[in-house]
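Peer 1: My structure file work23.cif, mmCIF, C-alpha atoms and all ligand atoms, is below:
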```cif
data_upload
#
loop_
_atom_site.label_atom_id
_atom_site.label_comp_id
_atom_site.auth_asym_id
_atom_site.auth_seq_id
_atom_site.Cartn_x
_atom_site.Cartn_y
_atom_site.Cartn_z
CA MET A 14 119.20 72.18 95.74
CA LYS A 15 122.01 74.47 94.65
CA GLN A 16 125.49 73.01 94.87
CA ILE A 17 128.47 75.33 95.47
CA ASP A 18 131.84 73.64 95.12
CA PRO A 19 134.91 74.70 97.07
CA ILE A 20 137.06 77.00 94.97
CA LYS A 21 140.45 75.95 93.75
CA LYS A 22 141.88 79.40 93.04
CA PRO A 23 141.56 82.86 94.56
CA LEU A 24 138.70 85.09 93.41
CA ARG A 25 139.50 87.59 90.67
CA GLY A 26 137.59 90.16 88.67
CA GLU A 27 135.46 93.29 88.58
CA ILE A 28 131.74 93.16 89.10
CA SER A 29 128.73 95.42 89.64
CA VAL A 30 125.86 94.53 91.93
CA PRO A 31 122.14 95.42 91.51
CA GLY A 32 120.80 98.83 92.46
CA ASP A 33 120.22 99.48 96.15
CA LYS A 34 116.94 97.87 97.20
CA SER A 35 116.14 100.44 99.91
CA ILE A 36 116.78 103.41 97.61
CA GLY A 37 114.83 101.66 94.84
CA HIS A 38 111.65 101.36 96.93
CA ARG A 39 111.89 105.02 97.86
CA ALA A 40 112.55 106.22 94.30
CA VAL A 41 109.36 104.47 93.16
CA ILE A 42 107.34 105.84 96.10
CA PHE A 43 108.52 109.44 95.77
CA GLY A 44 108.25 109.36 91.97
CA SER A 45 104.62 108.24 92.40
CA ILE A 46 103.59 110.92 94.91
CA ALA A 47 105.55 113.78 93.31
CA HIS A 48 104.31 116.04 90.54
CA GLY A 49 105.85 115.46 87.13
CA GLN A 50 107.91 112.74 85.54
CA SER A 51 110.69 110.84 87.29
CA ARG A 52 113.18 108.55 85.60
CA VAL A 53 114.83 105.92 87.77
CA GLY A 54 118.06 104.32 86.55
CA ASN A 55 119.51 101.03 87.84
CA LEU A 56 116.45 99.83 89.77
CA SER A 57 117.27 96.29 90.94
CA GLY A 58 115.52 93.52 89.04
CA GLY A 59 114.74 91.86 92.38
CA GLU A 60 111.22 90.81 93.35
CA ASP A 61 111.03 93.15 96.36
CA ASN A 62 111.37 96.34 94.31
CA GLN A 63 108.90 94.96 91.77
CA ARG A 64 106.31 94.61 94.56
CA THR A 65 106.48 98.34 95.23
CA VAL A 66 106.26 99.13 91.51
CA GLN A 67 103.20 96.88 91.13
CA ALA A 68 101.52 98.38 94.21
CA PHE A 69 101.65 101.89 92.74
CA LYS A 70 100.49 100.61 89.35
CA ASP A 71 97.57 99.02 91.19
CA MET A 72 96.81 102.46 92.67
CA GLY A 73 96.58 103.95 89.19
CA VAL A 74 100.07 105.44 88.77
CA LYS A 75 101.45 105.24 85.23
CA ILE A 76 104.82 103.48 85.43
CA TRP A 77 106.63 102.07 82.43
CA ARG A 78 110.05 100.91 81.20
CA GLU A 79 112.07 102.89 78.68
CA GLY A 80 115.31 101.07 77.93
CA GLN A 81 117.20 100.78 81.22
CA CYS A 82 115.04 103.40 82.95
CA LEU A 83 111.82 103.11 84.90
CA CYS A 84 109.61 106.12 84.12
CA ILE A 85 106.98 107.31 86.60
CA ASP A 86 104.30 109.85 85.81
CA GLY A 87 103.47 111.37 89.19
CA HIS A 88 100.42 113.55 89.82
CA GLY A 89 100.68 114.00 93.58
CA TRP A 90 99.08 112.21 96.52
CA GLY A 91 95.57 112.96 95.26
CA ALA A 92 96.09 110.87 92.13
CA LEU A 93 96.49 107.63 94.09
CA SER A 94 93.27 105.65 93.87
CA ALA A 95 91.92 102.70 95.84
CA PRO A 96 93.34 99.46 94.41
CA LYS A 97 90.75 96.91 93.24
CA ASN A 98 92.46 94.05 95.05
CA THR A 99 94.69 93.39 98.05
CA LEU A 100 98.16 94.84 97.52
CA ASP A 101 100.55 91.89 97.55
CA CYS A 102 103.85 92.87 99.20
CA GLY A 103 105.30 89.37 98.70
CA ASN A 104 108.40 88.96 100.88
CA SER A 105 109.06 92.70 101.20
CA GLY A 106 108.87 94.25 104.67
CA THR A 107 109.92 97.62 103.25
CA THR A 108 107.03 97.59 100.77
CA MET A 109 104.50 96.80 103.49
CA ARG A 110 105.73 99.21 106.14
CA LEU A 111 106.37 102.16 103.81
CA LEU A 112 103.05 101.63 102.03
CA ALA A 113 101.36 101.71 105.44
CA GLY A 114 102.72 105.25 105.82
CA VAL A 115 101.55 106.23 102.33
CA LEU A 116 98.07 104.74 102.77
CA ALA A 117 97.50 106.06 106.31
CA GLY A 118 96.63 109.44 104.81
CA ARG A 119 94.66 108.34 101.73
CA PRO A 120 90.86 108.57 101.88
CA PHE A 121 90.17 104.90 101.14
CA THR A 122 90.54 101.42 102.56
CA THR A 123 93.35 99.12 101.47
CA LEU A 124 94.41 95.60 102.33
CA LEU A 125 98.12 94.75 102.44
CA ASP A 126 99.25 91.15 102.46
CA GLY A 127 102.40 89.14 101.87
CA ASP A 128 103.94 85.69 101.86
CA ALA A 129 104.24 83.39 104.89
CA SER A 130 107.47 85.10 106.04
CA LEU A 131 105.98 88.61 105.85
CA ARG A 132 102.85 87.43 107.67
CA ARG A 133 105.05 86.50 110.63
CA ARG A 134 106.84 89.87 110.84
CA PRO A 135 105.85 92.52 113.40
CA MET A 136 103.66 95.30 112.01
CA GLN A 137 102.61 96.76 115.36
CA ARG A 138 105.65 98.98 115.11
CA VAL A 139 103.98 100.93 112.25
CA ILE A 140 100.38 100.43 113.40
CA GLU A 141 101.08 102.23 116.68
CA PRO A 142 102.50 105.57 115.45
CA LEU A 143 100.25 105.74 112.37
CA SER A 144 97.18 105.17 114.57
CA ARG A 145 98.33 107.99 116.81
CA MET A 146 98.40 110.23 113.73
CA GLY A 147 94.71 109.44 113.09
CA ALA A 148 94.66 106.48 110.69
CA ARG A 149 92.89 103.20 111.47
CA LEU A 150 95.06 100.12 110.94
CA THR A 151 93.99 96.61 111.85
CA GLY A 152 96.25 93.59 111.82
CA ARG A 153 95.24 89.93 111.68
CA GLU A 154 93.56 88.71 114.90
CA GLY A 155 94.40 92.05 116.50
CA LYS A 156 98.00 90.85 116.78
CA GLY A 157 99.70 93.39 114.56
CA LEU A 158 100.36 90.85 111.83
CA ALA A 159 99.59 91.01 108.10
CA PRO A 160 97.19 91.05 106.35
CA LEU A 161 96.71 94.67 107.38
CA GLU A 162 93.61 96.69 106.73
CA ILE A 163 94.32 100.38 106.45
CA ASN A 164 91.58 102.96 106.66
CA GLY A 165 93.23 106.21 105.66
CA ALA A 166 92.16 109.40 107.39
CA LYS A 167 93.00 113.06 107.88
CA LEU A 168 96.28 112.90 109.79
CA THR A 169 97.83 115.13 112.44
CA GLY A 170 101.59 115.45 112.96
CA ILE A 171 103.06 113.78 116.04
CA GLU A 172 106.30 113.70 117.92
CA TYR A 173 107.39 110.07 117.93
CA HIS A 174 110.20 108.64 120.05
CA MET A 175 110.97 105.38 118.33
CA PRO A 176 111.55 102.43 120.70
CA ILE A 177 113.76 100.69 118.11
CA ALA A 178 116.06 102.00 115.36
CA SER A 179 114.18 101.14 112.18
CA ALA A 180 114.39 103.00 108.88
CA GLN A 181 111.15 101.34 107.80
CA VAL A 182 109.22 102.68 110.79
CA LYS A 183 110.87 106.10 110.52
CA SER A 184 110.03 106.25 106.81
CA ALA A 185 106.42 105.18 107.37
CA VAL A 186 105.92 107.97 109.91
CA LEU A 187 107.64 110.55 107.66
CA LEU A 188 105.53 109.51 104.65
CA ALA A 189 102.40 109.91 106.77
CA GLY A 190 103.82 113.18 108.11
CA LEU A 191 104.05 114.59 104.59
CA GLN A 192 100.25 114.20 104.40
CA ALA A 193 99.52 115.37 107.96
CA GLU A 194 98.51 118.70 109.35
CA GLY A 195 101.37 120.41 111.20
CA VAL A 196 104.81 119.12 112.05
CA THR A 197 105.85 115.49 112.44
CA THR A 198 109.01 114.71 114.40
CA VAL A 199 110.70 111.35 114.73
CA GLU A 200 113.49 110.67 117.19
CA GLU A 201 115.54 107.52 116.72
CA PRO A 202 117.54 105.67 119.38
CA GLN A 203 120.32 105.13 116.80
CA SER A 204 120.66 106.68 113.33
CA SER A 205 119.18 104.31 110.75
CA ARG A 206 119.52 104.59 106.97
CA ASP A 207 118.55 108.08 105.82
CA HIS A 208 117.54 107.47 102.20
CA THR A 209 114.00 108.75 102.84
CA GLU A 210 115.24 112.04 104.25
CA LEU A 211 117.73 112.47 101.37
CA MET A 212 115.06 111.69 98.84
CA ILE A 213 112.49 114.11 100.27
CA LYS A 214 115.11 116.83 99.86
CA GLY A 215 116.03 115.57 96.39
CA PHE A 216 112.39 115.76 95.31
CA GLY A 217 112.28 119.41 96.43
CA GLY A 218 110.92 118.98 99.96
CA GLU A 219 112.21 120.20 103.30
CA VAL A 220 113.33 118.08 106.23
CA THR A 221 115.13 119.32 109.32
CA ILE A 222 117.67 116.97 110.86
CA HIS A 223 119.25 117.57 114.26
CA GLY A 224 121.24 114.49 115.15
CA ARG A 225 118.70 111.71 115.62
CA ARG A 226 115.68 114.10 115.47
CA ILE A 227 114.00 114.48 112.11
CA SER A 228 111.12 116.89 111.46
CA LEU A 229 109.02 117.88 108.50
CA HIS A 230 105.92 119.93 107.71
CA GLY A 231 102.86 118.31 106.18
CA GLY A 232 101.41 119.56 102.92
CA GLN A 233 104.67 119.98 100.99
CA LYS A 234 104.60 119.59 97.24
CA LEU A 235 107.28 117.32 95.77
CA TYR A 236 108.53 117.41 92.18
CA GLY A 237 109.57 114.55 89.91
CA ARG A 238 113.27 114.11 89.11
CA ASN A 239 115.81 111.67 87.76
CA VAL A 240 117.37 109.23 90.22
CA GLU A 241 120.39 107.04 89.50
CA ILE A 242 120.47 104.24 92.08
CA PRO A 243 123.91 103.17 93.34
CA GLY A 244 124.88 99.51 93.73
CA ASP A 245 123.53 97.89 96.89
CA ILE A 246 126.16 97.60 99.63
CA SER A 247 124.01 94.84 101.17
CA SER A 248 124.42 92.81 97.95
CA ALA A 249 128.09 93.77 97.58
CA ALA A 250 128.69 92.50 101.15
CA PHE A 251 128.62 88.83 100.04
CA PHE A 252 131.42 89.45 97.56
CA LEU A 253 133.40 91.60 100.00
CA VAL A 254 133.29 88.76 102.51
CA ALA A 255 134.02 86.10 99.86
CA ALA A 256 137.18 87.90 98.74
CA ALA A 257 138.18 88.67 102.33
CA ILE A 258 138.05 85.01 103.46
CA ILE A 259 139.80 83.51 100.43
CA PRO A 260 143.54 84.15 100.62
CA ASP A 261 145.11 86.01 97.65
CA SER A 262 141.76 86.99 96.19
CA GLU A 263 141.47 90.42 94.61
CA ILE A 264 138.18 91.79 93.36
CA ILE A 265 136.65 95.19 92.70
CA VAL A 266 132.94 95.84 93.18
CA ARG A 267 132.07 98.91 91.12
CA GLY A 268 129.64 101.71 91.94
CA VAL A 269 128.58 100.71 95.47
CA GLY A 270 126.60 103.09 97.71
CA ILE A 271 128.65 103.87 100.84
CA ASN A 272 126.15 106.07 102.69
CA PRO A 273 127.51 106.47 106.27
CA THR A 274 124.24 105.07 107.68
CA ARG A 275 124.87 101.83 105.76
CA ASN A 276 128.64 101.31 105.74
CA GLY A 277 129.09 99.29 108.96
CA VAL A 278 130.21 96.23 106.99
CA ILE A 279 133.25 98.08 105.62
CA GLU A 280 134.31 99.23 109.06
CA ILE A 281 133.74 95.82 110.66
CA LEU A 282 135.61 93.88 107.96
CA ARG A 283 138.51 96.32 108.35
CA ARG A 284 138.46 95.79 112.13
CA MET A 285 138.67 92.05 111.42
CA GLY A 286 141.84 92.74 109.44
CA ALA A 287 140.44 92.70 105.90
CA ASN A 288 142.02 94.88 103.29
CA LEU A 289 139.32 97.08 101.71
CA GLU A 290 140.09 100.16 99.64
CA LEU A 291 137.55 102.75 98.52
CA LEU A 292 138.39 103.97 95.02
CA ALA A 293 136.94 106.81 92.94
CA GLU A 294 134.67 108.13 95.70
CA ARG A 295 131.92 110.30 94.20
CA MET A 296 128.34 111.51 94.70
CA GLU A 297 125.41 110.18 92.65
CA THR A 298 121.97 111.75 93.10
CA GLY A 299 122.82 112.82 96.64
CA GLU A 300 124.28 109.47 97.74
CA PRO A 301 128.02 108.74 98.21
CA VAL A 302 129.36 105.98 95.94
CA ALA A 303 132.73 104.22 95.50
CA ASP A 304 134.40 101.25 93.85
CA ILE A 305 135.47 98.83 96.57
CA LYS A 306 138.64 96.80 96.17
CA VAL A 307 139.13 93.82 98.50
CA THR A 308 142.11 91.54 98.86
CA GLY A 309 141.94 88.31 100.80
CA GLY A 310 144.06 87.50 103.85
CA PRO A 311 143.83 86.34 107.43
CA LEU A 312 140.97 87.71 109.55
CA ARG A 313 140.70 87.96 113.33
CA GLY A 314 137.66 87.61 115.59
CA ILE A 315 136.30 90.81 117.16
CA GLU A 316 133.47 92.11 119.33
CA ILE A 317 130.61 93.59 117.35
CA GLY A 318 128.52 95.48 119.88
CA THR A 319 125.35 97.53 119.76
CA GLU A 320 127.02 100.66 118.35
CA SER A 321 127.12 99.29 114.78
CA VAL A 322 123.71 97.61 114.65
CA ALA A 323 121.67 100.07 112.56
CA ARG A 324 124.49 100.71 110.05
CA THR A 325 125.10 97.00 109.53
CA ILE A 326 121.74 95.34 110.13
CA ASP A 327 121.44 93.39 106.85
CA GLU A 328 125.10 92.37 106.77
CA TYR A 329 125.22 90.21 109.92
CA PRO A 330 124.64 86.95 108.02
CA ALA A 331 127.60 87.66 105.69
CA LEU A 332 129.71 88.83 108.64
CA ALA A 333 128.91 85.59 110.48
CA VAL A 334 130.59 83.76 107.60
CA ALA A 335 133.66 86.00 107.86
CA ALA A 336 133.72 85.24 111.62
CA ALA A 337 133.54 81.48 110.99
CA PHE A 338 136.90 81.69 109.15
CA ALA A 339 138.57 84.27 111.42
CA GLU A 340 141.24 83.52 114.00
CA GLY A 341 139.63 83.70 117.46
CA ILE A 342 136.18 84.56 118.70
CA THR A 343 133.67 86.98 117.21
CA ASP A 344 130.95 88.10 119.59
CA MET A 345 127.89 89.70 118.00
CA SER A 346 125.49 91.22 120.52
CA GLY A 347 122.57 93.66 120.69
CA VAL A 348 121.04 92.40 117.44
CA LYS A 349 117.79 90.77 118.54
CA GLU A 350 116.24 92.54 115.52
CA LEU A 351 117.83 89.79 113.38
CA ARG A 352 115.08 87.50 114.66
CA TYR A 353 112.41 89.61 112.88
CA LYS A 354 113.88 89.71 109.38
CA GLU A 355 112.88 87.58 106.35
CA SER A 356 113.77 84.66 108.64
CA ASP A 357 115.05 84.47 112.20
CA ARG A 358 118.60 85.09 111.03
CA ILE A 359 120.17 84.11 114.36
CA VAL A 360 118.55 80.66 114.11
CA ALA A 361 119.20 80.34 110.36
CA MET A 362 122.89 81.28 110.46
CA THR A 363 123.60 79.28 113.62
CA GLU A 364 122.08 76.16 112.07
CA GLY A 365 123.65 76.66 108.64
CA LEU A 366 127.19 77.36 109.84
CA ARG A 367 127.04 74.49 112.33
CA ARG A 368 126.00 72.10 109.57
CA LEU A 369 129.19 73.09 107.73
CA GLY A 370 131.19 72.30 110.88
CA ALA A 371 131.54 75.78 112.40
CA ASP A 372 131.57 76.47 116.14
CA VAL A 373 128.61 78.81 116.72
CA GLU A 374 126.74 79.56 119.91
CA GLU A 375 123.27 81.03 119.61
CA ARG A 376 122.51 83.96 121.93
CA GLU A 377 119.19 85.67 122.53
CA ASP A 378 120.56 88.86 120.93
CA GLY A 379 123.34 87.60 118.68
CA MET A 380 125.90 84.86 118.08
CA ARG A 381 129.30 83.85 119.41
CA ILE A 382 131.44 82.34 116.69
CA ARG A 383 134.79 80.66 117.21
CA GLY A 384 136.61 80.79 113.89
CA ARG A 385 138.26 77.80 112.23
CA ARG A 386 140.72 77.60 109.39
CA GLN A 387 138.56 75.21 107.42
CA LEU A 388 134.97 73.91 107.47
CA GLN A 389 133.89 70.48 106.30
CA GLY A 390 130.82 71.47 104.23
CA GLY A 391 127.33 69.97 104.04
CA SER A 392 123.67 70.59 103.28
CA VAL A 393 121.94 73.68 104.61
CA ARG A 394 118.52 75.34 104.55
CA SER A 395 118.00 78.86 103.19
CA PHE A 396 114.86 79.33 105.33
CA GLY A 397 113.52 81.05 102.19
CA ASP A 398 115.73 84.02 103.11
CA HIS A 399 117.77 85.55 100.28
CA ARG A 400 120.55 86.82 102.54
CA VAL A 401 120.90 83.46 104.31
CA ALA A 402 121.13 81.66 100.94
CA MET A 403 123.85 84.03 99.66
CA SER A 404 125.81 83.87 102.92
CA MET A 405 125.81 80.07 102.89
CA ALA A 406 126.95 80.07 99.25
CA ILE A 407 129.97 82.19 100.19
CA ALA A 408 130.76 79.90 103.13
CA GLY A 409 130.62 76.92 100.75
CA LEU A 410 133.45 78.36 98.65
CA ARG A 411 135.84 77.68 101.55
CA ALA A 412 134.31 74.49 102.94
CA ASP A 413 136.09 71.24 102.00
CA GLY A 414 132.96 69.56 100.69
CA GLY A 415 131.28 72.74 99.41
CA VAL A 416 127.65 73.37 100.28
CA LYS A 417 124.21 72.26 99.09
CA ILE A 418 121.54 74.93 99.66
CA ASP A 419 117.85 74.13 99.53
CA ASP A 420 115.45 76.75 98.06
CA ALA A 421 118.37 78.87 96.83
CA GLN A 422 116.06 80.48 94.27
CA CYS A 423 115.05 82.96 96.99
CA VAL A 424 118.12 85.03 96.01
CA ASP A 425 115.75 86.49 93.37
CA ILE A 426 114.24 88.67 96.12
CA SER A 427 117.18 91.06 95.88
CA PHE A 428 119.79 89.61 93.54
CA PRO A 429 118.63 87.40 90.64
CA ALA A 430 122.11 87.33 89.02
CA PHE A 431 123.93 86.34 92.23
CA PHE A 432 125.01 82.83 91.23
CA ASP A 433 126.06 83.98 87.72
CA LEU A 434 128.25 86.71 89.19
CA LEU A 435 129.73 84.30 91.70
CA GLY A 436 130.65 82.03 88.80
CA LYS A 437 132.27 85.00 87.06
CA ILE A 438 134.78 85.68 89.84
CA CYS A 439 135.49 82.00 90.63
CA LEU A 440 138.21 81.01 88.21
CA PRO A 441 138.09 77.36 87.02
C1 LIG B 1 115.20 98.81 105.36
C2 LIG B 1 115.40 98.92 106.71
C3 LIG B 1 115.89 97.80 107.55
C4 LIG B 1 116.53 96.72 106.72
C5 LIG B 1 115.69 96.36 105.52
C6 LIG B 1 115.50 97.58 104.63
C7 LIG B 1 114.67 99.98 104.61
O1 LIG B 1 114.80 97.24 108.26
O2 LIG B 1 116.75 95.57 107.50
O3 LIG B 1 116.30 95.33 104.77
O4 LIG B 1 114.74 99.98 103.37
O5 LIG B 1 114.19 100.92 105.26
P1 LIG B 1 114.31 97.83 109.68
O6 LIG B 1 113.70 99.16 109.44
O7 LIG B 1 113.32 96.83 110.19
O8 LIG B 1 115.53 97.92 110.54
#
```
Take the structure in the file and give it back as structure tokens.
Ligand code: S3P
Peer 2:
Amino acid sequence: MKQIDPIKKPLRGEISVPGDKSIGHRAVIFGSIAHGQSRVGNLSGGEDNQRTVQAFKDMGVKIWREGQCLCIDGHGWGALSAPKNTLDCGNSGTTMRLLAGVLAGRPFTTLLDGDASLRRRPMQRVIEPLSRMGARLTGREGKGLAPLEINGAKLTGIEYHMPIASAQVKSAVLLAGLQAEGVTTVEEPQSSRDHTELMIKGFGGEVTIHGRRISLHGGQKLYGRNVEIPGDISSAAFFLVAAAIIPDSEIIVRGVGINPTRNGVIEILRRMGANLELLAERMETGEPVADIKVTGGPLRGIEIGTESVARTIDEYPALAVAAAFAEGITDMSGVKELRYKESDRIVAMTEGLRRLGADVEEREDGMRIRGRRQLQGGSVRSFGDHRVAMSMAIAGLRADGGVKIDDAQCVDISFPAFFDLLGKICLP
């Protein structure tokens, strides 16, 4: 049980958050399939990124640490070899779905497995397009669930109209497309994070993007490079919300990635009345970055409809906390996808916030939250979900009795130093 006490003073200070988890996975993948050496700076120390690193080590790629950098000695697709054992993706959906795209075109059989949470998450969404490209993928009991067996094959490019906006599915198809004969085109219903597309270009490849249509040719050669990973906006979000809900707080989160396909949380917090300033905007290895200054003050409830879903998908739990302290009602809709994350985040956040005394209504595709000035506090479950644990910790800062969180250690998935940093900005 982790105890978070209510704070006595506003939050103050300057912090940096771990490197972006999504970009980290991709840097390791592209470094491994490119030709030549890549050096990756600021890879998060979280377990998820380590799963991807270990998977490529298990496939024979030489990857090692040199000071703060992760060095990868890539020798192209052909240098990947069949792993001796099942590749363990742990809790990481991105590892499993992107690896499915990598392995679909490799001439060997691989097993991908994960923890209990990952075994519950839908894999049919990658099985379907990758099978159409020519690979053979089998999920447990034919239900599209992990463990997955992947029999790689010679692939052919497809045109794929994605039924849901998912950067993981898009990336899996593009990774397979790089190994396929001909052109692969993906069309998304809403633009999802574009780190894969940016990275293919950064590693010397070509991708054509027309709105939500993305195409590439198979057989391109990619070249190793240095990548500096920006701070993860999805990790920064907990601190942005914490400062926003605690009156008179003022914090700066340094070096945060503000890619337009990821910055929904900034726009939504501003719509709720929060004061967020972007300072020192700059580009780092093809990704926009800024220092974000937040000052705390009153928030108001708003409607968060379908238009922001893809750009905000991982930030709904933190935003639910902001809504619980806002004046009026916040209506979140069109986010049924939250039910298929590391936990069912609609269930987890509804239960957790209610246990602290918040007024939350669960909806099939979202939540309706009536804000209150103060919550009473209590004991909550993390559901083993890192983002639920961190959201509840932030809520506890403003709840009269604080919060007790079970299994709070799961923050290690993306943010092992979370509680230390929280301590740093909470003045005694
Ligand atoms: C991710 C895509 C999103 C996001 C996940 C990371 C990625 O998942 O929720 O945390 O790195 O591509 P979906 O593709 O399922 O939307």
Peer 1: Report as an mmCIF file with C-alpha atoms, in the frame of the given file all protein, DNA and RNA residues lying within 6 Å of Leu124 (chain A), evaluated on only C-alpha atoms, omitting residues in the same chain fewer than 2 positions from it.
Peer 2:
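Listing of around_34.cif after writing:
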```cif
data_model
loop_
_atom_site.group_PDB
_atom_site.id
_atom_site.type_symbol
_atom_site.label_atom_id
_atom_site.label_comp_id
_atom_site.auth_asym_id
_atom_site.auth_seq_id
_atom_site.Cartn_x
_atom_site.Cartn_y
_atom_site.Cartn_z
ATOM 1 C CA THR A 99 94.690 93.390 98.050
ATOM 2 C CA LEU A 161 96.710 94.670 107.380
ATOM 3 C CA GLU A 162 93.610 96.690 106.730
#
```
Peer 1: Please determine, counting all atoms listed in the file, which residue among A:Glu219, A:Asp433, A:Glu320, A:Asp61 has the shortest atom-to-atom distance to ligand LIG 1 (chain B).
Peer 2: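 For ligand LIG 1 (chain B), the nearest of the given residues is A:Asp61.
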Peer 1: With 10 Å as the cut-off and all atoms listed in the file counted, what is the closest atom pair between each nearby residue of chain A and ligand LIG 1 (chain B)? Distances in Å to one decimal, ordered by chain and number, as JSON lines.
Peer 2:
```
{"residue": "A:Asp33", "atom": "CA", "partner": "B:LIG1", "partner_atom": "O4", "distance": 9.1}
{"residue": "A:Lys34", "atom": "CA", "partner": "B:LIG1", "partner_atom": "O4", "distance": 6.9}
{"residue": "A:Ser35", "atom": "CA", "partner": "B:LIG1", "partner_atom": "O4", "distance": 3.8}
{"residue": "A:Ile36", "atom": "CA", "partner": "B:LIG1", "partner_atom": "O4", "distance": 7.0}
{"residue": "A:Gly37", "atom": "CA", "partner": "B:LIG1", "partner_atom": "O4", "distance": 8.7}
{"residue": "A:His38", "atom": "CA", "partner": "B:LIG1", "partner_atom": "O4", "distance": 7.3}
{"residue": "A:Arg39", "atom": "CA", "partner": "B:LIG1", "partner_atom": "O4", "distance": 8.0}
{"residue": "A:Ser105", "atom": "CA", "partner": "B:LIG1", "partner_atom": "O3", "distance": 8.5}
{"residue": "A:Gly106", "atom": "CA", "partner": "B:LIG1", "partner_atom": "C5", "distance": 7.2}
{"residue": "A:Thr107", "atom": "CA", "partner": "B:LIG1", "partner_atom": "O4", "distance": 5.4}
{"residue": "A:Thr108", "atom": "CA", "partner": "B:LIG1", "partner_atom": "O4", "distance": 8.5}
{"residue": "A:Arg110", "atom": "CA", "partner": "B:LIG1", "partner_atom": "O6", "distance": 8.6}
{"residue": "A:Leu111", "atom": "CA", "partner": "B:LIG1", "partner_atom": "O5", "distance": 8.0}
{"residue": "A:Arg134", "atom": "CA", "partner": "B:LIG1", "partner_atom": "O7", "distance": 9.5}
{"residue": "A:Pro135", "atom": "CA", "partner": "B:LIG1", "partner_atom": "O7", "distance": 9.2}
{"residue": "A:Met136", "atom": "CA", "partner": "B:LIG1", "partner_atom": "O7", "distance": 9.9}
{"residue": "A:Arg138", "atom": "CA", "partner": "B:LIG1", "partner_atom": "O7", "distance": 9.4}
{"residue": "A:Ile177", "atom": "CA", "partner": "B:LIG1", "partner_atom": "O8", "distance": 8.3}
{"residue": "A:Ala178", "atom": "CA", "partner": "B:LIG1", "partner_atom": "O8", "distance": 6.3}
{"residue": "A:Ser179", "atom": "CA", "partner": "B:LIG1", "partner_atom": "O6", "distance": 3.4}
{"residue": "A:Ala180", "atom": "CA", "partner": "B:LIG1", "partner_atom": "O6", "distance": 3.9}
{"residue": "A:Gln181", "atom": "CA", "partner": "B:LIG1", "partner_atom": "O6", "distance": 3.7}
{"residue": "A:Val182", "atom": "CA", "partner": "B:LIG1", "partner_atom": "O6", "distance": 5.9}
{"residue": "A:Lys183", "atom": "CA", "partner": "B:LIG1", "partner_atom": "O6", "distance": 7.6}
{"residue": "A:Ser184", "atom": "CA", "partner": "B:LIG1", "partner_atom": "O5", "distance": 6.9}
{"residue": "A:Ala185", "atom": "CA", "partner": "B:LIG1", "partner_atom": "O5", "distance": 9.1}
{"residue": "A:Ser205", "atom": "CA", "partner": "B:LIG1", "partner_atom": "O8", "distance": 7.4}
{"residue": "A:Arg206", "atom": "CA", "partner": "B:LIG1", "partner_atom": "O5", "distance": 6.7}
{"residue": "A:Asp207", "atom": "CA", "partner": "B:LIG1", "partner_atom": "O5", "distance": 8.4}
{"residue": "A:His208", "atom": "CA", "partner": "B:LIG1", "partner_atom": "O5", "distance": 8.0}
{"residue": "A:Thr209", "atom": "CA", "partner": "B:LIG1", "partner_atom": "O5", "distance": 8.2}
{"residue": "A:Ser247", "atom": "CA", "partner": "B:LIG1", "partner_atom": "O3", "distance": 8.5}
{"residue": "A:Arg275", "atom": "CA", "partner": "B:LIG1", "partner_atom": "C4", "distance": 9.8}
{"residue": "A:Val322", "atom": "CA", "partner": "B:LIG1", "partner_atom": "O8", "distance": 9.2}
{"residue": "A:Ala323", "atom": "CA", "partner": "B:LIG1", "partner_atom": "O8", "distance": 6.8}
{"residue": "A:Arg324", "atom": "CA", "partner": "B:LIG1", "partner_atom": "O8", "distance": 9.4}
{"residue": "A:Thr325", "atom": "CA", "partner": "B:LIG1", "partner_atom": "O2", "distance": 8.7}
{"residue": "A:Ile326", "atom": "CA", "partner": "B:LIG1", "partner_atom": "O2", "distance": 5.6}
{"residue": "A:Asp327", "atom": "CA", "partner": "B:LIG1", "partner_atom": "O2", "distance": 5.2}
{"residue": "A:Glu328", "atom": "CA", "partner": "B:LIG1", "partner_atom": "O2", "distance": 9.0}
{"residue": "A:Glu350", "atom": "CA", "partner": "B:LIG1", "partner_atom": "O8", "distance": 7.4}
{"residue": "A:Leu351", "atom": "CA", "partner": "B:LIG1", "partner_atom": "O2", "distance": 8.3}
{"residue": "A:Tyr353", "atom": "CA", "partner": "B:LIG1", "partner_atom": "O7", "distance": 7.8}
{"residue": "A:Lys354", "atom": "CA", "partner": "B:LIG1", "partner_atom": "O2", "distance": 6.8}
{"residue": "A:Glu355", "atom": "CA", "partner": "B:LIG1", "partner_atom": "O3", "distance": 8.6}
{"residue": "A:Arg400", "atom": "CA", "partner": "B:LIG1", "partner_atom": "O3", "distance": 9.8}
{"residue": "A:Ser427", "atom": "CA", "partner": "B:LIG1", "partner_atom": "O3", "distance": 9.9}
```
Peer 1: Find, counting all atoms listed in the file, the residue in A:Arg25, A:Lys156, A:Arg284, A:Arg64 that gets nearest to Leu312 (chain A).
Peer 2: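 Closest to Leu312 (chain A), using all atoms listed in the file: A:Arg284.
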Peer 1: Between A:Glu241, A:Asp71, A:Glu172, A:Glu375, which is the closest to Ala95 (chain A) once you count only C-alpha atoms?
Peer 2: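 Ranked by minimum distance to Ala95 (chain A), first place goes to A:Asp71.
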Peer 1: As a list in words, please: the residues near Phe121 (chain A) (cut-off 12 Å, only C-alpha atoms, same-chain neighbours under 2 positions excluded).
Peer 2: Met72, Gly91, Leu93, Ser94, Ala95, Pro96, Lys97, Val115, Leu116, Ala117, Gly118, Arg119, Thr123, Leu124, Ala148, Arg149, Leu150, Glu162, Ile163, Asn164, Gly165, Ala166 and Lys167 of chain A
